[in-house]
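Have a look at data-v9.txt below; it lists compact mmCIF, C-alpha atoms.
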```txt
# COMPACT_ATOMS: atom_id res chain seq x y z
CA MET O 18 39.21 177.34 -52.87
CA SER O 19 40.72 173.95 -53.73
CA ARG O 20 40.27 172.53 -57.19
CA THR O 21 38.45 169.44 -55.89
CA PHE O 22 35.98 171.58 -53.94
CA ALA O 23 35.41 173.85 -56.95
CA LYS O 24 34.70 170.79 -59.11
CA ALA O 25 32.26 169.51 -56.48
CA LEU O 26 30.28 172.75 -56.68
CA SER O 27 29.79 172.91 -60.45
CA ALA O 28 26.20 173.49 -61.59
CA GLU O 29 25.90 170.05 -63.20
CA ILE O 30 26.91 168.29 -60.00
CA LEU O 31 24.70 170.48 -57.81
CA PHE O 32 21.65 169.90 -60.02
CA SER O 33 22.40 166.18 -60.12
CA ALA O 34 22.55 166.05 -56.31
CA LEU O 35 19.38 168.14 -55.99
CA GLY O 36 17.51 165.89 -58.43
CA ARG O 37 18.71 162.78 -56.60
CA ILE O 38 17.54 164.21 -53.27
CA VAL O 39 14.14 165.31 -54.59
CA ILE O 40 13.41 161.97 -56.26
CA GLY O 41 14.59 160.03 -53.21
CA SER O 42 12.60 162.20 -50.82
CA TYR O 43 9.42 161.59 -52.84
CA PHE O 44 9.76 157.84 -52.39
CA VAL O 45 10.77 158.15 -48.72
CA ALA O 46 7.68 160.27 -48.04
CA LYS O 47 5.50 157.88 -50.06
CA SER O 48 6.75 154.85 -48.14
CA CYS O 49 6.18 156.65 -44.81
CA GLY O 50 2.58 157.37 -45.81
CA LEU O 51 3.01 161.13 -46.06
CA ILE O 52 1.85 161.17 -49.68
CA VAL O 53 -1.66 159.92 -50.39
CA ASP O 54 -1.64 157.19 -53.00
CA PRO O 55 -4.14 158.15 -55.73
CA ASN O 56 -3.58 154.93 -57.65
CA GLY O 57 -5.51 152.74 -55.28
CA VAL O 58 -2.50 150.59 -54.54
CA ALA O 59 -3.16 150.87 -50.81
CA GLU O 60 -6.77 149.83 -51.38
CA ALA O 61 -5.60 146.84 -53.41
CA PHE O 62 -3.25 145.89 -50.61
CA SER O 63 -5.93 146.31 -47.94
CA ALA O 64 -8.57 144.48 -49.99
CA GLY O 65 -6.46 141.37 -49.77
CA MET O 66 -5.41 141.26 -53.41
CA VAL O 67 -1.81 141.24 -52.21
CA PRO O 68 -0.66 139.38 -49.08
CA GLY O 69 0.29 141.57 -46.11
CA PHE O 70 3.89 140.38 -46.13
CA PHE O 71 4.40 141.88 -49.58
CA VAL O 72 3.00 145.21 -48.43
CA ILE O 73 5.51 145.41 -45.57
CA ALA O 74 8.37 144.19 -47.77
CA SER O 75 7.46 146.71 -50.48
CA VAL O 76 7.39 149.63 -48.04
CA ILE O 77 10.70 148.62 -46.44
CA PHE O 78 12.32 148.12 -49.83
CA GLU O 79 11.03 151.41 -51.21
CA PHE O 80 12.19 153.34 -48.15
CA THR O 81 15.64 151.73 -48.11
CA ALA O 82 16.28 152.14 -51.83
CA ALA O 83 15.02 155.73 -51.81
CA PHE O 84 17.20 156.61 -48.83
CA MET O 85 20.21 155.08 -50.58
CA VAL O 86 19.46 157.20 -53.66
CA MET O 87 19.09 160.33 -51.52
CA VAL O 88 22.43 159.98 -49.74
CA GLY O 89 24.22 158.59 -52.79
CA PHE O 90 25.18 155.18 -51.43
CA GLN O 91 25.32 152.46 -54.10
CA THR O 92 23.33 154.92 -56.20
CA ARG O 93 23.38 153.09 -59.52
CA ILE O 94 22.16 149.83 -58.08
CA ALA O 95 19.57 151.43 -55.80
CA ALA O 96 18.17 153.71 -58.52
CA SER O 97 18.04 150.90 -61.08
CA VAL O 98 16.26 148.47 -58.78
CA LEU O 99 13.87 151.18 -57.54
CA ALA O 100 13.09 152.10 -61.17
CA LEU O 101 12.29 148.46 -61.91
CA HIS O 102 10.09 148.28 -58.81
CA VAL O 103 8.22 151.48 -59.74
CA PHE O 104 7.72 150.31 -63.33
CA TRP O 105 6.24 146.97 -62.36
CA THR O 106 4.02 148.34 -59.60
CA ALA O 107 2.79 151.02 -62.00
CA PHE O 108 2.14 148.47 -64.71
CA ILE O 109 0.36 146.05 -62.39
CA PHE O 110 -1.73 148.53 -60.42
CA THR O 111 -2.29 151.61 -62.58
CA TYR O 112 -2.25 150.53 -66.21
CA VAL O 113 -5.94 150.38 -67.03
CA PRO O 114 -6.57 151.07 -70.74
CA GLY O 115 -9.51 153.39 -71.22
CA ASP O 116 -9.34 154.96 -67.75
CA ALA O 117 -7.83 158.42 -68.26
CA ALA O 118 -7.07 159.01 -64.57
CA ALA O 119 -5.28 155.68 -64.22
CA ILE O 120 -3.28 156.25 -67.40
CA SER O 121 -2.18 159.68 -66.18
CA HIS O 122 -0.92 158.11 -62.94
CA PHE O 123 0.81 155.43 -64.99
CA TRP O 124 2.60 158.09 -67.04
CA ARG O 125 3.57 159.94 -63.86
CA ASP O 126 5.16 156.76 -62.58
CA LEU O 127 6.95 156.27 -65.91
CA ALA O 128 8.35 159.80 -65.58
CA MET O 129 9.68 158.80 -62.15
CA VAL O 130 11.26 155.72 -63.74
CA GLY O 131 12.96 158.01 -66.27
CA GLY O 132 14.25 160.23 -63.48
CA LEU O 133 15.58 157.23 -61.57
CA LEU O 134 17.33 155.93 -64.68
CA MET O 135 18.95 159.34 -65.14
CA VAL O 136 20.11 159.22 -61.53
CA ALA O 137 21.53 155.75 -62.19
CA THR O 138 23.64 157.07 -65.07
CA CYS O 139 25.11 160.04 -63.19
CA GLU O 140 28.79 159.92 -62.36
CA ARG O 141 30.05 159.76 -58.80
CA THR O 142 30.68 163.14 -57.22
CA LEU O 143 31.89 164.44 -53.89
CA LEU O 144 28.28 165.25 -52.98
CA MET O 145 27.42 161.57 -52.54
CA ILE O 146 28.75 158.78 -50.36
CA ASP O 147 29.88 156.79 -53.43
CA GLY O 148 31.96 159.75 -54.57
CA LEU O 149 33.55 160.25 -51.19
CA LEU O 150 34.44 156.56 -50.99
CA SER O 151 35.92 156.48 -54.50
CA GLU O 152 37.87 159.69 -53.76
CA ARG O 153 39.33 158.07 -50.64
CA GLU O 154 40.24 154.94 -52.63
CA ALA O 155 41.93 157.09 -55.27
CA ALA O 156 43.94 158.92 -52.59
CA ALA O 157 45.09 155.68 -50.96
CA PRO O 158 48.64 154.68 -51.84
CA MET O 159 48.94 152.01 -54.49
CA PRO O 160 50.40 148.70 -53.40
CA ARG O 161 54.10 148.49 -54.14
CA LYS O 162 54.96 146.46 -57.19
CA PRO O 163 57.60 143.84 -56.39
CA GLU O 164 61.02 144.70 -57.71
CA ARG O 165 63.04 142.35 -59.86
CA GLY O 166 65.31 141.19 -57.02
CA ASP O 167 62.39 140.75 -54.64
CA ALA O 168 62.09 137.36 -52.89
CA PHE O 169 58.57 136.80 -54.25
CA SER O 170 59.60 137.43 -57.84
CA ARG O 171 62.60 135.08 -57.45
CA LEU O 172 60.29 132.39 -56.07
CA ARG O 173 57.83 132.91 -58.93
CA ARG O 174 60.63 132.62 -61.53
CA ALA O 175 61.91 129.45 -59.84
CA ARG O 176 58.45 127.86 -59.91
CA LYS O 177 58.06 128.70 -63.61
CA ARG O 178 61.49 127.23 -64.31
CA ASP O 179 60.65 124.03 -62.36
CA ALA O 180 57.29 123.67 -64.12
CA ALA O 181 58.93 124.08 -67.53
CA ALA O 182 61.62 121.51 -66.67
CA GLU O 183 58.98 119.08 -65.45
CA ALA O 184 56.98 119.53 -68.63
CA ARG O 185 60.08 118.87 -70.77
CA ALA O 186 60.95 115.77 -68.71
CA SER O 187 57.46 114.27 -69.05
CA ALA O 188 57.35 114.95 -72.82
```
Give the structure from the file, written as structure tokens.
Amino acid sequence: MSRTFAKALSAEILFSALGRIVIGSYFVAKSCGLIVDPNGVAEAFSAGMVPGFFVIASVIFEFTAAFMVMVGFQTRIAASVLALHVFWTAFIFTYVPGDAAAISHFWRDLAMVGGLLMVATCERTLLMIDGLLSEREAAAPMPRKPERGDAFSRLRRARKRDAAAEARASA
């Protein structure tokens, strides 16, 4: 077993990937309507409190960001923005002081925000698209540094010399 593959299968990385997939799949299922919304957000949308365009945009955004978190593509950005979205929708629609059921849903959403923020802080691994892309970039050969006798370095030195001479002449 190669060292890179063994590192990819460590418990920390596997649990991180599993958590990312579970959290992302919750939001994908929620945006597809597979999970019933107990908060009444759908009722608020349908009652006309929120314009229909925002409902469609919210569902598309939630699905896209959750899918990006699941597969590990631009994970930090997607998880951070999804956490912000979940926090504000929870605060706007479920924070009702004095209503125990609404407060429990609010705290559930805050727990999801915490999970998303933990996903955002995870390092890139080979079990996500970001990790595969960074691994490929690391394996790519570095651009060759110009050598001292290189034509570009000679041209650069000549330009510096001309600029210094021009500065002395104008002074």
Please produce, as JSON lines, a per-residue contact table for stretch 101-149 of chain O versus stretch 91-94 of chain O (criterion: any atom at most 10 Å away, only C-alpha atoms considered), showing the nearest atom pair and its distance in Å to one decimal, sorted by chain then residue number.
```
{"residue": "O:Leu133", "atom": "CA", "partner": "O:Arg93", "partner_atom": "CA", "distance": 9.1}
{"residue": "O:Leu134", "atom": "CA", "partner": "O:Arg93", "partner_atom": "CA", "distance": 8.4}
{"residue": "O:Met135", "atom": "CA", "partner": "O:Arg93", "partner_atom": "CA", "distance": 9.5}
{"residue": "O:Val136", "atom": "CA", "partner": "O:Arg93", "partner_atom": "CA", "distance": 7.2}
{"residue": "O:Ala137", "atom": "CA", "partner": "O:Arg93", "partner_atom": "CA", "distance": 4.2}
{"residue": "O:Thr138", "atom": "CA", "partner": "O:Arg93", "partner_atom": "CA", "distance": 6.8}
{"residue": "O:Cys139", "atom": "CA", "partner": "O:Arg93", "partner_atom": "CA", "distance": 8.0}
{"residue": "O:Glu140", "atom": "CA", "partner": "O:Arg93", "partner_atom": "CA", "distance": 9.2}
{"residue": "O:Arg141", "atom": "CA", "partner": "O:Thr92", "partner_atom": "CA", "distance": 8.7}
{"residue": "O:Met145", "atom": "CA", "partner": "O:Thr92", "partner_atom": "CA", "distance": 8.6}
{"residue": "O:Ile146", "atom": "CA", "partner": "O:Gln91", "partner_atom": "CA", "distance": 8.1}
{"residue": "O:Asp147", "atom": "CA", "partner": "O:Gln91", "partner_atom": "CA", "distance": 6.3}
{"residue": "O:Gly148", "atom": "CA", "partner": "O:Gln91", "partner_atom": "CA", "distance": 9.9}
```
statement: Of O:Met87, O:Ala82, O:Val103, O:Leu31, the one nearest to O:Gly131 when counting all atoms listed in the file is O:Val103
field: Close residues, O:Ile120 itself excluded, 12 Å, all atoms listed in the file, min 5 positions apart in chain, as a list in words
entry: Pro55, Asn56, Ala107, Phe108, Ile109, Phe110, Thr111, Tyr112, Val113, Pro114, Gly115, Arg125, Asp126 and Leu127 of chain O
- request: Would you mind reading off the distance between atom CA of O:Ser48 and atom CA of O:Phe80, one decimal, in Å?
  value: 5.6 Å
field: Interatomic distance (Å, one decimal) between atom CA of O:Ile38 and atom CA of O:Val88
entry: 7.4 Å
field: Atomic separation - atom CA of O:Thr142 relative to atom CA of O:Ala28, Å
entry: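 One can read the atom CA of O:Ala28 to atom CA of O:Thr142 distance as 12.1 Å.
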- prompt: Nearest to O:Glu79: which of O:Val45, O:Leu150, O:Ala34, O:Leu101 is it, counting only C-alpha atoms?
  reply: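 Answer, going by the shortest atom-to-atom distance: O:Val45.
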message: Measuring between all atoms listed in the file, which one of O:Ala119, O:Leu172, O:Val86, O:Ala182 shows the shortest distance to O:Ser33?
response: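 Closest to O:Ser33, using all atoms listed in the file: O:Val86.
Here the question is which of O:Tyr43, O:Ala118, O:Ser151, O:Ala95 gets nearest to O:Phe78 using all atoms listed in the file, and that residue is O:Ala95.
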Write stretch 98-128 of chain O as an mmCIF file, keeping the file's coordinate frame, completed to N, CA and C atoms.
```cif
data_model
loop_
_atom_site.group_PDB
_atom_site.id
_atom_site.type_symbol
_atom_site.label_atom_id
_atom_site.label_comp_id
_atom_site.auth_asym_id
_atom_site.auth_seq_id
_atom_site.Cartn_x
_atom_site.Cartn_y
_atom_site.Cartn_z
ATOM 1 N N VAL O 98 17.216 149.421 -59.363
ATOM 2 C CA VAL O 98 16.260 148.470 -58.780
ATOM 3 C C VAL O 98 14.968 149.189 -58.389
ATOM 4 N N LEU O 99 15.069 150.403 -57.872
ATOM 5 C CA LEU O 99 13.870 151.180 -57.540
ATOM 6 C C LEU O 99 13.093 151.520 -58.803
ATOM 7 N N ALA O 100 13.779 151.827 -59.895
ATOM 8 C CA ALA O 100 13.090 152.100 -61.170
ATOM 9 C C ALA O 100 12.338 150.865 -61.649
ATOM 10 N N LEU O 101 12.958 149.707 -61.522
ATOM 11 C CA LEU O 101 12.290 148.460 -61.910
ATOM 12 C C LEU O 101 11.061 148.207 -61.032
ATOM 13 N N HIS O 102 11.199 148.450 -59.744
ATOM 14 C CA HIS O 102 10.090 148.280 -58.810
ATOM 15 C C HIS O 102 8.938 149.236 -59.154
ATOM 16 N N VAL O 103 9.253 150.489 -59.417
ATOM 17 C CA VAL O 103 8.220 151.480 -59.740
ATOM 18 C C VAL O 103 7.534 151.115 -61.056
ATOM 19 N N PHE O 104 8.326 150.681 -62.049
ATOM 20 C CA PHE O 104 7.720 150.310 -63.330
ATOM 21 C C PHE O 104 6.726 149.182 -63.169
ATOM 22 N N TRP O 105 7.129 148.118 -62.469
ATOM 23 C CA TRP O 105 6.240 146.970 -62.360
ATOM 24 C C TRP O 105 5.025 147.246 -61.474
ATOM 25 N N THR O 106 5.196 148.003 -60.407
ATOM 26 C CA THR O 106 4.020 148.340 -59.600
ATOM 27 C C THR O 106 3.083 149.250 -60.377
ATOM 28 N N ALA O 107 3.639 150.161 -61.171
ATOM 29 C CA ALA O 107 2.790 151.020 -62.000
ATOM 30 C C ALA O 107 2.057 150.200 -63.050
ATOM 31 N N PHE O 108 2.759 149.288 -63.664
ATOM 32 C CA PHE O 108 2.140 148.470 -64.710
ATOM 33 C C PHE O 108 1.063 147.566 -64.133
ATOM 34 N N ILE O 109 1.324 146.981 -62.987
ATOM 35 C CA ILE O 109 0.360 146.050 -62.390
ATOM 36 C C ILE O 109 -0.844 146.772 -61.820
ATOM 37 N N PHE O 110 -0.631 147.901 -61.142
ATOM 38 C CA PHE O 110 -1.730 148.530 -60.420
ATOM 39 C C PHE O 110 -2.374 149.714 -61.123
ATOM 40 N N THR O 111 -1.687 150.392 -62.021
ATOM 41 C CA THR O 111 -2.290 151.610 -62.580
ATOM 42 C C THR O 111 -2.520 151.564 -64.077
ATOM 43 N N TYR O 112 -2.035 150.571 -64.759
ATOM 44 C CA TYR O 112 -2.250 150.530 -66.210
ATOM 45 C C TYR O 112 -3.616 149.920 -66.497
ATOM 46 N N VAL O 113 -4.579 150.800 -66.716
ATOM 47 C CA VAL O 113 -5.940 150.380 -67.030
ATOM 48 C C VAL O 113 -6.331 151.095 -68.335
ATOM 49 N N PRO O 114 -6.221 150.418 -69.470
ATOM 50 C CA PRO O 114 -6.570 151.070 -70.740
ATOM 51 C C PRO O 114 -8.012 151.583 -70.711
ATOM 52 N N GLY O 115 -8.177 152.796 -71.169
ATOM 53 C CA GLY O 115 -9.510 153.390 -71.220
ATOM 54 C C GLY O 115 -9.829 154.279 -70.031
ATOM 55 N N ASP O 116 -9.114 154.129 -68.923
ATOM 56 C CA ASP O 116 -9.340 154.960 -67.750
ATOM 57 C C ASP O 116 -8.301 156.086 -67.763
ATOM 58 N N ALA O 117 -8.747 157.301 -68.088
ATOM 59 C CA ALA O 117 -7.830 158.420 -68.260
ATOM 60 C C ALA O 117 -7.072 158.755 -66.987
ATOM 61 N N ALA O 118 -7.733 158.691 -65.840
ATOM 62 C CA ALA O 118 -7.070 159.010 -64.570
ATOM 63 C C ALA O 118 -5.965 157.994 -64.271
ATOM 64 N N ALA O 119 -6.272 156.723 -64.485
ATOM 65 C CA ALA O 119 -5.280 155.680 -64.220
ATOM 66 C C ALA O 119 -4.101 155.799 -65.178
ATOM 67 N N ILE O 120 -4.366 156.100 -66.421
ATOM 68 C CA ILE O 120 -3.280 156.250 -67.400
ATOM 69 C C ILE O 120 -2.401 157.447 -67.054
ATOM 70 N N SER O 121 -3.001 158.528 -66.559
ATOM 71 C CA SER O 121 -2.180 159.680 -66.180
ATOM 72 C C SER O 121 -1.271 159.340 -64.994
ATOM 73 N N HIS O 122 -1.767 158.545 -64.054
ATOM 74 C CA HIS O 122 -0.920 158.110 -62.940
ATOM 75 C C HIS O 122 0.177 157.159 -63.429
ATOM 76 N N PHE O 123 -0.176 156.331 -64.405
ATOM 77 C CA PHE O 123 0.810 155.430 -64.990
ATOM 78 C C PHE O 123 1.941 156.227 -65.642
ATOM 79 N N TRP O 124 1.585 157.268 -66.398
ATOM 80 C CA TRP O 124 2.600 158.090 -67.040
ATOM 81 C C TRP O 124 3.427 158.876 -66.032
ATOM 82 N N ARG O 125 2.815 159.280 -64.925
ATOM 83 C CA ARG O 125 3.570 159.940 -63.860
ATOM 84 C C ARG O 125 4.621 158.994 -63.300
ATOM 85 N N ASP O 126 4.210 157.745 -63.084
ATOM 86 C CA ASP O 126 5.160 156.760 -62.580
ATOM 87 C C ASP O 126 6.265 156.479 -63.603
ATOM 88 N N LEU O 127 5.919 156.468 -64.884
ATOM 89 C CA LEU O 127 6.950 156.270 -65.910
ATOM 90 C C LEU O 127 7.928 157.442 -65.935
ATOM 91 N N ALA O 128 7.442 158.648 -65.670
ATOM 92 C CA ALA O 128 8.350 159.800 -65.580
ATOM 93 C C ALA O 128 9.307 159.615 -64.401
#
```
